[in-house]
Structures are given as C-alpha cells and as structure tokens.
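Asks: Below you'll find run.pdb; it's PDB, C-alpha atoms.
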```
MODEL        1
ATOM      1  CA  GLN M   1     125.236 109.135  87.951  1.00  0.00           C
ATOM      2  CA  VAL M   2     122.614 108.617  85.274  1.00  0.00           C
ATOM      3  CA  GLN M   3     120.215 111.322  84.184  1.00  0.00           C
ATOM      4  CA  LEU M   4     116.848 110.422  82.688  1.00  0.00           C
ATOM      5  CA  ALA M   5     114.503 112.664  80.729  1.00  0.00           C
ATOM      6  CA  GLU M   6     111.008 111.533  79.720  1.00  0.00           C
ATOM      7  CA  SER M   7     108.930 113.006  76.927  1.00  0.00           C
ATOM      8  CA  GLY M   8     105.836 112.196  74.913  1.00  0.00           C
ATOM      9  CA  GLY M   9     103.030 112.471  77.430  1.00  0.00           C
ATOM     10  CA  GLY M  10      99.774 114.228  76.687  1.00  0.00           C
ATOM     11  CA  LEU M  11      95.986 114.142  76.572  1.00  0.00           C
ATOM     12  CA  VAL M  12      94.398 111.481  74.362  1.00  0.00           C
ATOM     13  CA  GLN M  13      91.065 109.734  74.005  1.00  0.00           C
ATOM     14  CA  ALA M  14      90.308 106.167  74.976  1.00  0.00           C
ATOM     15  CA  GLY M  15      91.504 103.793  72.274  1.00  0.00           C
ATOM     16  CA  ASP M  16      94.261 106.109  71.084  1.00  0.00           C
ATOM     17  CA  SER M  17      97.979 105.415  71.100  1.00  0.00           C
ATOM     18  CA  LEU M  18     100.895 107.329  72.584  1.00  0.00           C
ATOM     19  CA  ARG M  19     104.644 106.767  72.661  1.00  0.00           C
ATOM     20  CA  LEU M  20     106.798 107.820  75.583  1.00  0.00           C
ATOM     21  CA  SER M  21     110.538 108.271  75.313  1.00  0.00           C
ATOM     22  CA  CYS M  22     113.213 108.284  77.988  1.00  0.00           C
ATOM     23  CA  ALA M  23     116.680 109.529  77.092  1.00  0.00           C
ATOM     24  CA  ALA M  24     119.499 108.463  79.401  1.00  0.00           C
ATOM     25  CA  SER M  25     122.789 110.329  79.817  1.00  0.00           C
ATOM     26  CA  GLY M  26     125.789 110.078  82.088  1.00  0.00           C
ATOM     27  CA  ARG M  27     127.181 106.724  83.207  1.00  0.00           C
ATOM     28  CA  THR M  28     124.783 104.678  81.118  1.00  0.00           C
ATOM     29  CA  TYR M  29     127.296 101.870  80.583  1.00  0.00           C
ATOM     30  CA  SER M  30     126.501 100.582  84.051  1.00  0.00           C
ATOM     31  CA  THR M  31     122.763 100.225  83.388  1.00  0.00           C
ATOM     32  CA  TYR M  32     121.342  96.733  83.882  1.00  0.00           C
ATOM     33  CA  ALA M  33     117.707  97.477  83.143  1.00  0.00           C
ATOM     34  CA  MET M  34     115.299 100.313  82.553  1.00  0.00           C
ATOM     35  CA  GLY M  35     111.699 100.390  83.585  1.00  0.00           C
ATOM     36  CA  TRP M  36     108.513 102.369  83.286  1.00  0.00           C
ATOM     37  CA  PHE M  37     106.351 102.987  86.297  1.00  0.00           C
ATOM     38  CA  ARG M  38     103.237 105.086  86.781  1.00  0.00           C
ATOM     39  CA  GLN M  39     101.490 106.840  89.611  1.00  0.00           C
ATOM     40  CA  ALA M  40      97.881 107.976  89.629  1.00  0.00           C
ATOM     41  CA  PRO M  41      96.600 110.546  92.142  1.00  0.00           C
ATOM     42  CA  GLY M  42      96.174 108.996  95.575  1.00  0.00           C
ATOM     43  CA  LYS M  43      97.777 105.719  94.531  1.00  0.00           C
ATOM     44  CA  GLU M  44     101.178 104.145  94.970  1.00  0.00           C
ATOM     45  CA  ARG M  45     103.682 104.049  92.165  1.00  0.00           C
ATOM     46  CA  GLU M  46     103.164 100.864  90.176  1.00  0.00           C
ATOM     47  CA  PHE M  47     105.192  98.805  87.761  1.00  0.00           C
ATOM     48  CA  VAL M  48     104.376  99.017  84.057  1.00  0.00           C
ATOM     49  CA  ALA M  49     107.215  97.400  82.108  1.00  0.00           C
ATOM     50  CA  THR M  50     110.926  96.732  82.204  1.00  0.00           C
ATOM     51  CA  ILE M  51     113.657  95.856  79.710  1.00  0.00           C
ATOM     52  CA  ARG M  52     117.094  94.434  80.362  1.00  0.00           C
ATOM     53  CA  TRP M  53     119.575  96.645  78.572  1.00  0.00           C
ATOM     54  CA  SER M  54     121.993  94.004  77.239  1.00  0.00           C
ATOM     55  CA  THR M  55     119.577  91.212  76.288  1.00  0.00           C
ATOM     56  CA  GLY M  56     116.434  93.174  75.486  1.00  0.00           C
ATOM     57  CA  SER M  57     114.282  90.801  77.490  1.00  0.00           C
ATOM     58  CA  THR M  58     111.067  92.390  78.711  1.00  0.00           C
ATOM     59  CA  ASN M  59     108.427  92.012  81.378  1.00  0.00           C
ATOM     60  CA  TYR M  60     105.020  93.667  81.713  1.00  0.00           C
ATOM     61  CA  ALA M  61     102.369  94.268  84.309  1.00  0.00           C
ATOM     62  CA  ASP M  62      99.244  92.219  83.634  1.00  0.00           C
ATOM     63  CA  SER M  63      97.219  95.420  83.281  1.00  0.00           C
ATOM     64  CA  VAL M  64      99.177  96.513  80.188  1.00  0.00           C
ATOM     65  CA  LYS M  65     100.226  93.198  78.677  1.00  0.00           C
ATOM     66  CA  GLY M  66      99.196  93.009  75.044  1.00  0.00           C
ATOM     67  CA  ARG M  67      98.667  96.788  74.819  1.00  0.00           C
ATOM     68  CA  PHE M  68     102.035  98.332  75.760  1.00  0.00           C
ATOM     69  CA  ILE M  69     105.436  97.607  74.256  1.00  0.00           C
ATOM     70  CA  ILE M  70     108.767  98.576  75.819  1.00  0.00           C
ATOM     71  CA  SER M  71     111.810  98.820  73.575  1.00  0.00           C
ATOM     72  CA  ARG M  72     115.249 100.371  73.570  1.00  0.00           C
ATOM     73  CA  ASP M  73     117.721 101.945  71.195  1.00  0.00           C
ATOM     74  CA  ASN M  74     121.168 101.222  72.555  1.00  0.00           C
ATOM     75  CA  ALA M  75     122.888 103.669  70.214  1.00  0.00           C
ATOM     76  CA  LYS M  76     120.671 106.511  71.424  1.00  0.00           C
ATOM     77  CA  ASN M  77     120.567 105.375  75.059  1.00  0.00           C
ATOM     78  CA  THR M  78     116.820 105.707  74.846  1.00  0.00           C
ATOM     79  CA  VAL M  79     113.960 103.518  76.020  1.00  0.00           C
ATOM     80  CA  TYR M  80     110.445 103.766  74.631  1.00  0.00           C
ATOM     81  CA  LEU M  81     106.997 102.816  75.808  1.00  0.00           C
ATOM     82  CA  GLN M  82     104.493 102.363  73.015  1.00  0.00           C
ATOM     83  CA  MET M  83     101.019 102.522  74.532  1.00  0.00           C
ATOM     84  CA  ASN M  84      98.110 101.276  72.427  1.00  0.00           C
ATOM     85  CA  SER M  85      94.406 100.917  73.121  1.00  0.00           C
ATOM     86  CA  LEU M  86      94.687 103.384  75.975  1.00  0.00           C
ATOM     87  CA  LYS M  87      92.047 103.320  78.701  1.00  0.00           C
ATOM     88  CA  PRO M  88      91.015 106.006  81.201  1.00  0.00           C
ATOM     89  CA  GLU M  89      92.551 103.869  83.950  1.00  0.00           C
ATOM     90  CA  ASP M  90      95.946 104.342  82.273  1.00  0.00           C
ATOM     91  CA  THR M  91      95.849 107.997  83.341  1.00  0.00           C
ATOM     92  CA  ALA M  92      98.885 108.695  85.530  1.00  0.00           C
ATOM     93  CA  VAL M  93     102.279 110.322  85.699  1.00  0.00           C
ATOM     94  CA  TYR M  94     104.661 107.967  83.944  1.00  0.00           C
ATOM     95  CA  TYR M  95     108.211 107.666  85.219  1.00  0.00           C
ATOM     96  CA  CYS M  96     111.287 106.197  83.641  1.00  0.00           C
ATOM     97  CA  ALA M  97     113.812 104.501  85.932  1.00  0.00           C
ATOM     98  CA  ALA M  98     117.217 102.899  85.602  1.00  0.00           C
ATOM     99  CA  LYS M  99     118.783 100.124  87.612  1.00  0.00           C
ATOM    100  CA  GLY M 100     122.541  99.954  87.576  1.00  0.00           C
ATOM    101  CA  GLY M 101     125.109  97.211  88.065  1.00  0.00           C
ATOM    102  CA  GLY M 102     124.743  93.516  88.825  1.00  0.00           C
ATOM    103  CA  THR M 103     124.830  90.349  86.784  1.00  0.00           C
ATOM    104  CA  TYR M 104     121.235  89.213  87.153  1.00  0.00           C
ATOM    105  CA  TYR M 105     118.013  90.496  88.673  1.00  0.00           C
ATOM    106  CA  SER M 106     114.737  88.618  88.512  1.00  0.00           C
ATOM    107  CA  ASP M 107     111.568  89.953  86.943  1.00  0.00           C
ATOM    108  CA  LEU M 108     110.132  90.235  90.441  1.00  0.00           C
ATOM    109  CA  THR M 109     113.023  92.442  91.541  1.00  0.00           C
ATOM    110  CA  LEU M 110     112.779  94.608  88.444  1.00  0.00           C
ATOM    111  CA  ALA M 111     109.076  95.171  89.111  1.00  0.00           C
ATOM    112  CA  SER M 112     109.821  96.898  92.421  1.00  0.00           C
ATOM    113  CA  PRO M 113     110.273 100.696  92.334  1.00  0.00           C
ATOM    114  CA  SER M 114     112.529 100.559  95.396  1.00  0.00           C
ATOM    115  CA  LYS M 115     115.143  98.567  93.473  1.00  0.00           C
ATOM    116  CA  TYR M 116     115.838 101.331  90.950  1.00  0.00           C
ATOM    117  CA  ASP M 117     118.700 103.787  91.334  1.00  0.00           C
ATOM    118  CA  TYR M 118     117.749 106.682  89.063  1.00  0.00           C
ATOM    119  CA  TRP M 119     114.459 108.308  88.132  1.00  0.00           C
ATOM    120  CA  GLY M 120     113.214 110.812  85.598  1.00  0.00           C
ATOM    121  CA  GLN M 121     110.936 113.711  86.431  1.00  0.00           C
ATOM    122  CA  GLY M 122     107.831 112.045  85.005  1.00  0.00           C
ATOM    123  CA  THR M 123     105.438 112.853  82.177  1.00  0.00           C
ATOM    124  CA  GLN M 124     101.663 113.155  82.468  1.00  0.00           C
ATOM    125  CA  VAL M 125      99.429 110.859  80.450  1.00  0.00           C
ATOM    126  CA  THR M 126      95.712 111.601  80.543  1.00  0.00           C
ATOM    127  CA  VAL M 127      93.187 109.377  78.788  1.00  0.00           C
ATOM    128  CA  SER M 128      89.668 110.737  78.436  1.00  0.00           C
ATOM    129  CA  SER M 129      86.634 108.499  78.001  1.00  0.00           C
TER     130      SER M 129
ENDMDL
END
```
Please lay out the structure from this file as structure tokens.

Replies:
Amino acid sequence: QVQLAESGGGLVQAGDSLRLSCAASGRTYSTYAMGWFRQAPGKEREFVATIRWSTGSTNYADSVKGRFIISRDNAKNTVYLQMNSLKPEDTAVYYCAAKGGGTYYSDLTLASPSKYDYWGQGTQVTVSS
C-alpha cells in the first residue's frame, strides 16, 4: 500500500504561481511513476503531468506544457507540481497518483487515470480572473 497526501492548493489570481506537493508513504519502493491529474466540476478527471520515479523523465498535457513543471525528491518521497502563469481554466481539484510495479509503461499509459494504483484526497486550486 502507498499513501499519498497532497498540499499547496489555494485561491490565486490569473498569472500567479502555485506549487503543489504530494508526500508518499508506505511501500514507495515499488513506485514506477507518479502523476498529477485534475478534475473540474462536471468534467472528467484529466491528465496533467507524470514523472517516472527512477529516471525522472516527464510528460505533460498540451494544456499545461511550458507553464507547469513536475519534479520529485527521492529522499523525501515527494513529488511537486510547480504551476506558473495560471489561468482560470486551470481551476480544478488536483490529485496526485502513484503507479506501482512494472519495467516500462509508455507515456500514453501513464496519461490514463485508470492505470494508477493509488490516489491522494485532492487539493483545490482556484484561479480567479
């Protein structure tokens, strides 16, 4: 089992920055990748970014590419999402997720919420115009 706890959400204005954190505990040694997803009211959960735990390779949704940066601190078992130039359309509940096991998963696989094994409780990000 892996437990995930997000923090760092809040209310900001368009153009501001915000950094989300996700602390992992439990059987973290089996983690292959960690991802950030978001869900706005009335919409499906969508992919934001992912990072492979061992290599640090990353992948982003087109909607956040160039504005968001995902990173990890292996020693702290923590993944971060630095969000810059925030827009009102970034408003959503942001979730951290972990995918365990395996030797290789494609970027396409890691962009699918259904492929992840563990989820945090989510943190609200609201961007006002």

Asks: In Å, how far is it from CA of Tyr104 (chain M) to CA of Arg27 (chain M)?

Replies: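 Computing the Euclidean distance for CA of Tyr104 (chain M) and CA of Arg27 (chain M) yields 18.9 Å.
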
Asks: For this file, the PyMOL selection byres ((chain M and resi 78) around 10) selects which residues, as a PDB file with C-alpha atoms, in the frame of the given file?

Replies:
```pdb
ATOM      1  CA  LEU M   4     116.848 110.422  82.688  1.00  0.00           C
ATOM      2  CA  ALA M   5     114.503 112.664  80.729  1.00  0.00           C
ATOM      3  CA  GLU M   6     111.008 111.533  79.720  1.00  0.00           C
ATOM      4  CA  SER M  21     110.538 108.271  75.313  1.00  0.00           C
ATOM      5  CA  CYS M  22     113.213 108.284  77.988  1.00  0.00           C
ATOM      6  CA  ALA M  23     116.680 109.529  77.092  1.00  0.00           C
ATOM      7  CA  ALA M  24     119.499 108.463  79.401  1.00  0.00           C
ATOM      8  CA  SER M  25     122.789 110.329  79.817  1.00  0.00           C
ATOM      9  CA  MET M  34     115.299 100.313  82.553  1.00  0.00           C
ATOM     10  CA  SER M  71     111.810  98.820  73.575  1.00  0.00           C
ATOM     11  CA  ARG M  72     115.249 100.371  73.570  1.00  0.00           C
ATOM     12  CA  ASP M  73     117.721 101.945  71.195  1.00  0.00           C
ATOM     13  CA  ASN M  74     121.168 101.222  72.555  1.00  0.00           C
ATOM     14  CA  ALA M  75     122.888 103.669  70.214  1.00  0.00           C
ATOM     15  CA  LYS M  76     120.671 106.511  71.424  1.00  0.00           C
ATOM     16  CA  ASN M  77     120.567 105.375  75.059  1.00  0.00           C
ATOM     17  CA  VAL M  79     113.960 103.518  76.020  1.00  0.00           C
ATOM     18  CA  TYR M  80     110.445 103.766  74.631  1.00  0.00           C
TER      19      TYR M  80
END
```

Asks: Given the file shown, determine the residues that the PyMOL selection byres ((chain M and resi 10) around 10) selects; report them as a ChimeraX atom specification.

Replies: /M:7-9,11-12,18-20,91,123-127

Asks: Which residue gives the smallest distance to Gly56 (chain M) among M:Tyr105, M:Tyr95, M:Trp119, M:Tyr32, with all atoms listed in the file counted?

Replies: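 Nearest candidate to Gly56 (chain M) out of M:Tyr105, M:Tyr95, M:Trp119, M:Tyr32: M:Tyr32.
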
Asks: Write out as a ChimeraX atom specification the residues lying within 7 Å of Tyr116 (chain M), counting all atoms listed in the file and excluding same-chain residues fewer than 2 positions away.

Replies: /M:97-99,113-114,118

Asks: Under the rule that all atoms listed in the file are counted, which of M:Gly66, M:Gly122, M:Gly15, M:Gly35 is the nearest residue to Trp53 (chain M)?

Replies: M:Gly35

Asks: Once the PyMOL selection byres ((chain M and resi 108) around 12) has been evaluated on this model, what residues remain selected, and can you format them as a list in words?

Replies: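 Applying the expression gives Phe47, Ala49, Thr50, Thr58, Asn59, Tyr60, Ala61, Tyr104, Tyr105, Ser106, Asp107, Thr109, Leu110, Ala111, Ser112, Pro113, Ser114 and Lys115 of chain M.
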
Asks: Give me, please, the distance in Å between CA of Ser129 (chain M) and CA of Cys96 (chain M), quoted to one decimal.

Replies: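 We find that CA of Ser129 (chain M) and CA of Cys96 (chain M) lie 25.4 Å from each other.
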
Asks: Neighbours of Arg67 (chain M) within 8 Å (all atoms listed in the file; same-chain residues fewer than 3 positions away dropped), as a tab-separated table (two decimals) with C-alpha atoms, in the coordinates of the input?

Replies:
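And here is the file that came out, out_21.tsv:
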```tsv
chain	number	residue	atom	x	y	z
M	64	VAL	CA	99.18	96.51	80.19
M	83	MET	CA	101.02	102.52	74.53
M	84	ASN	CA	98.11	101.28	72.43
M	85	SER	CA	94.41	100.92	73.12
M	86	LEU	CA	94.69	103.38	75.97
```

Asks: Given 3 Å of margin on each side, can you work out the centre and size in Å (one decimal) of an axis-aligned box holding every listed atom of region 117-121 of chain M, as JSON?

Replies:
```
{"center_x": 114.8, "center_y": 108.7, "center_z": 88.5, "size_x": 13.8, "size_y": 15.9, "size_z": 11.7}
```

Asks: Show me the residues around (124.0, 107.8, 84.3) - criterion: an atom at most 6 Å away, all atoms listed in the file counted - as a list in words.

Replies: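 Those residues, ordered by chain and then number, are Gln1, Val2, Gln3, Ser25, Gly26, Arg27 and Thr28 of chain M.
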
Asks: For the residues in the current selection, export C-alpha atoms as a PDB file, keeping the file's coordinate frame.

Replies:
```
ATOM      1  CA  GLN M   1     125.236 109.135  87.951  1.00  0.00           C
ATOM      2  CA  VAL M   2     122.614 108.617  85.274  1.00  0.00           C
ATOM      3  CA  GLN M   3     120.215 111.322  84.184  1.00  0.00           C
ATOM      4  CA  SER M  25     122.789 110.329  79.817  1.00  0.00           C
ATOM      5  CA  GLY M  26     125.789 110.078  82.088  1.00  0.00           C
ATOM      6  CA  ARG M  27     127.181 106.724  83.207  1.00  0.00           C
ATOM      7  CA  THR M  28     124.783 104.678  81.118  1.00  0.00           C
TER       8      THR M  28
END
```

Asks: From the set M:Ser63, M:Ser128, M:Gln39, M:Thr31, which residue has the shortest atom-to-atom contact distance to Ile51 (chain M), counting all atoms listed in the file?

Replies: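 Looking only at the distances to Ile51 (chain M), the closest residue turns out to be M:Thr31.
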
Asks: To one decimal place, how far is CA of Gln82 (chain M) from CA of Asp16 (chain M) in Å?

Replies: 11.1 Å

Asks: Counting all atoms listed in the file, figure out which residue out of M:Ile69, M:Ser17, M:Gln121, M:Asp62 gets nearest to Tyr94 (chain M).

Replies: M:Gln121

Asks: Write a file for region 26-41 of chain M of the given structure; include all heavy atoms and format it as a CSV table (one decimal), in the first residue's frame.

Replies:
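New file part_0.csv:
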```csv
chain,number,residue,atom,x,y,z
M,26,GLY,N,4.6,4.6,2.9
M,26,GLY,CA,4.2,3.2,2.8
M,26,GLY,C,5.2,2.5,1.8
M,26,GLY,O,6.4,2.8,1.9
M,27,ARG,N,4.7,1.6,1.0
M,27,ARG,CA,5.6,0.8,0.1
M,27,ARG,C,6.0,1.6,-1.1
M,27,ARG,O,5.7,1.2,-2.3
M,27,ARG,CB,4.9,-0.5,-0.3
M,27,ARG,CG,4.5,-1.3,0.9
M,27,ARG,CD,3.9,-2.6,0.5
M,27,ARG,NE,4.7,-3.5,-0.2
M,27,ARG,CZ,4.4,-4.7,-0.6
M,27,ARG,NH1,3.2,-5.2,-0.4
M,27,ARG,NH2,5.2,-5.4,-1.3
M,28,THR,N,6.7,2.7,-0.9
M,28,THR,CA,7.1,3.6,-2.0
M,28,THR,C,8.1,3.0,-2.9
M,28,THR,O,8.3,3.4,-4.1
M,28,THR,CB,7.5,4.9,-1.5
M,28,THR,OG1,8.6,4.7,-0.6
M,28,THR,CG2,6.4,5.6,-0.8
M,29,TYR,N,8.9,2.0,-2.5
M,29,TYR,CA,9.9,1.4,-3.3
M,29,TYR,C,9.4,0.8,-4.5
M,29,TYR,O,10.1,0.5,-5.5
M,29,TYR,CB,10.7,0.4,-2.5
M,29,TYR,CG,9.9,-0.8,-2.0
M,29,TYR,CD1,9.6,-1.9,-2.8
M,29,TYR,CD2,9.3,-0.7,-0.7
M,29,TYR,CE1,8.9,-2.9,-2.3
M,29,TYR,CE2,8.5,-1.8,-0.2
M,29,TYR,CZ,8.3,-2.9,-1.0
M,29,TYR,OH,7.5,-3.9,-0.6
M,30,SER,N,8.1,0.4,-4.6
M,30,SER,CA,7.6,-0.2,-5.7
M,30,SER,C,7.0,0.8,-6.7
M,30,SER,O,6.4,0.3,-7.7
M,30,SER,CB,6.5,-1.2,-5.3
M,30,SER,OG,5.4,-0.5,-4.7
M,31,THR,N,7.1,2.0,-6.5
M,31,THR,CA,6.5,3.0,-7.4
M,31,THR,C,7.3,3.2,-8.7
M,31,THR,O,8.5,3.4,-8.7
M,31,THR,CB,6.5,4.4,-6.7
M,31,THR,OG1,5.7,4.3,-5.5
M,31,THR,CG2,5.9,5.5,-7.6
M,32,TYR,N,6.6,3.1,-9.8
M,32,TYR,CA,7.2,3.3,-11.1
M,32,TYR,C,7.1,4.7,-11.5
M,32,TYR,O,8.0,5.3,-12.1
M,32,TYR,CB,6.5,2.4,-12.2
M,32,TYR,CG,7.0,2.6,-13.6
M,32,TYR,CD1,8.1,2.0,-14.0
M,32,TYR,CD2,6.3,3.5,-14.4
M,32,TYR,CE1,8.6,2.2,-15.3
M,32,TYR,CE2,6.8,3.8,-15.7
M,32,TYR,CZ,7.9,3.1,-16.1
M,32,TYR,OH,8.4,3.4,-17.4
M,33,ALA,N,5.9,5.3,-11.3
M,33,ALA,CA,5.7,6.7,-11.8
M,33,ALA,C,4.7,7.4,-10.8
M,33,ALA,O,3.9,6.7,-10.2
M,33,ALA,CB,5.2,6.8,-13.2
M,34,MET,N,4.7,8.7,-10.8
M,34,MET,CA,3.7,9.5,-10.1
M,34,MET,C,3.2,10.5,-11.1
M,34,MET,O,3.9,11.1,-11.9
M,34,MET,CB,4.3,10.1,-8.9
M,34,MET,CG,4.7,9.0,-7.8
M,34,MET,SD,5.1,9.7,-6.2
M,34,MET,CE,3.5,10.3,-5.7
M,35,GLY,N,1.9,10.8,-10.9
M,35,GLY,CA,1.3,11.7,-11.8
M,35,GLY,C,0.4,12.7,-11.1
M,35,GLY,O,0.0,12.5,-10.0
M,36,TRP,N,0.1,13.8,-11.8
M,36,TRP,CA,-0.9,14.8,-11.3
M,36,TRP,C,-2.0,14.8,-12.3
M,36,TRP,O,-1.8,14.8,-13.6
M,36,TRP,CB,-0.2,16.1,-11.3
M,36,TRP,CG,0.7,16.3,-10.1
M,36,TRP,CD1,2.0,16.3,-10.1
M,36,TRP,CD2,0.3,16.7,-8.8
M,36,TRP,NE1,2.5,16.5,-8.8
M,36,TRP,CE2,1.5,16.8,-8.0
M,36,TRP,CE3,-0.9,16.9,-8.1
M,36,TRP,CZ2,1.5,17.1,-6.6
M,36,TRP,CZ3,-0.9,17.2,-6.8
M,36,TRP,CH2,0.3,17.3,-6.1
M,37,PHE,N,-3.2,14.7,-11.8
M,37,PHE,CA,-4.4,14.8,-12.6
M,37,PHE,C,-5.3,15.9,-12.0
M,37,PHE,O,-5.1,16.3,-10.9
M,37,PHE,CB,-5.2,13.5,-12.6
M,37,PHE,CG,-4.4,12.4,-13.2
M,37,PHE,CD1,-3.4,11.7,-12.6
M,37,PHE,CD2,-4.7,12.0,-14.5
M,37,PHE,CE1,-2.7,10.7,-13.2
M,37,PHE,CE2,-4.1,11.0,-15.2
M,37,PHE,CZ,-3.0,10.3,-14.5
M,38,ARG,N,-6.3,16.3,-12.7
M,38,ARG,CA,-7.2,17.4,-12.2
M,38,ARG,C,-8.6,17.1,-12.7
M,38,ARG,O,-8.8,16.5,-13.7
M,38,ARG,CB,-6.7,18.8,-12.6
M,38,ARG,CG,-6.8,19.1,-14.1
M,38,ARG,CD,-6.2,20.4,-14.4
M,38,ARG,NE,-6.3,20.8,-15.8
M,38,ARG,CZ,-5.7,21.8,-16.3
M,38,ARG,NH1,-5.0,22.7,-15.6
M,38,ARG,NH2,-5.8,22.1,-17.6
M,39,GLN,N,-9.5,17.6,-11.9
M,39,GLN,CA,-11.0,17.4,-12.2
M,39,GLN,C,-11.7,18.7,-11.9
M,39,GLN,O,-11.8,19.1,-10.7
M,39,GLN,CB,-11.5,16.2,-11.5
M,39,GLN,CG,-12.9,15.8,-12.0
M,39,GLN,CD,-13.3,14.4,-11.5
M,39,GLN,OE1,-12.8,13.9,-10.5
M,39,GLN,NE2,-14.3,13.9,-12.1
M,40,ALA,N,-12.3,19.3,-12.9
M,40,ALA,CA,-13.1,20.4,-12.7
M,40,ALA,C,-14.6,20.0,-12.6
M,40,ALA,O,-15.0,18.9,-13.0
M,40,ALA,CB,-13.0,21.4,-13.9
M,41,PRO,N,-15.4,20.8,-12.0
M,41,PRO,CA,-16.8,20.4,-11.8
M,41,PRO,C,-17.5,20.1,-13.1
M,41,PRO,O,-17.4,20.8,-14.1
M,41,PRO,CB,-17.4,21.7,-11.2
M,41,PRO,CG,-16.3,22.4,-10.5
M,41,PRO,CD,-15.1,22.1,-11.4
```
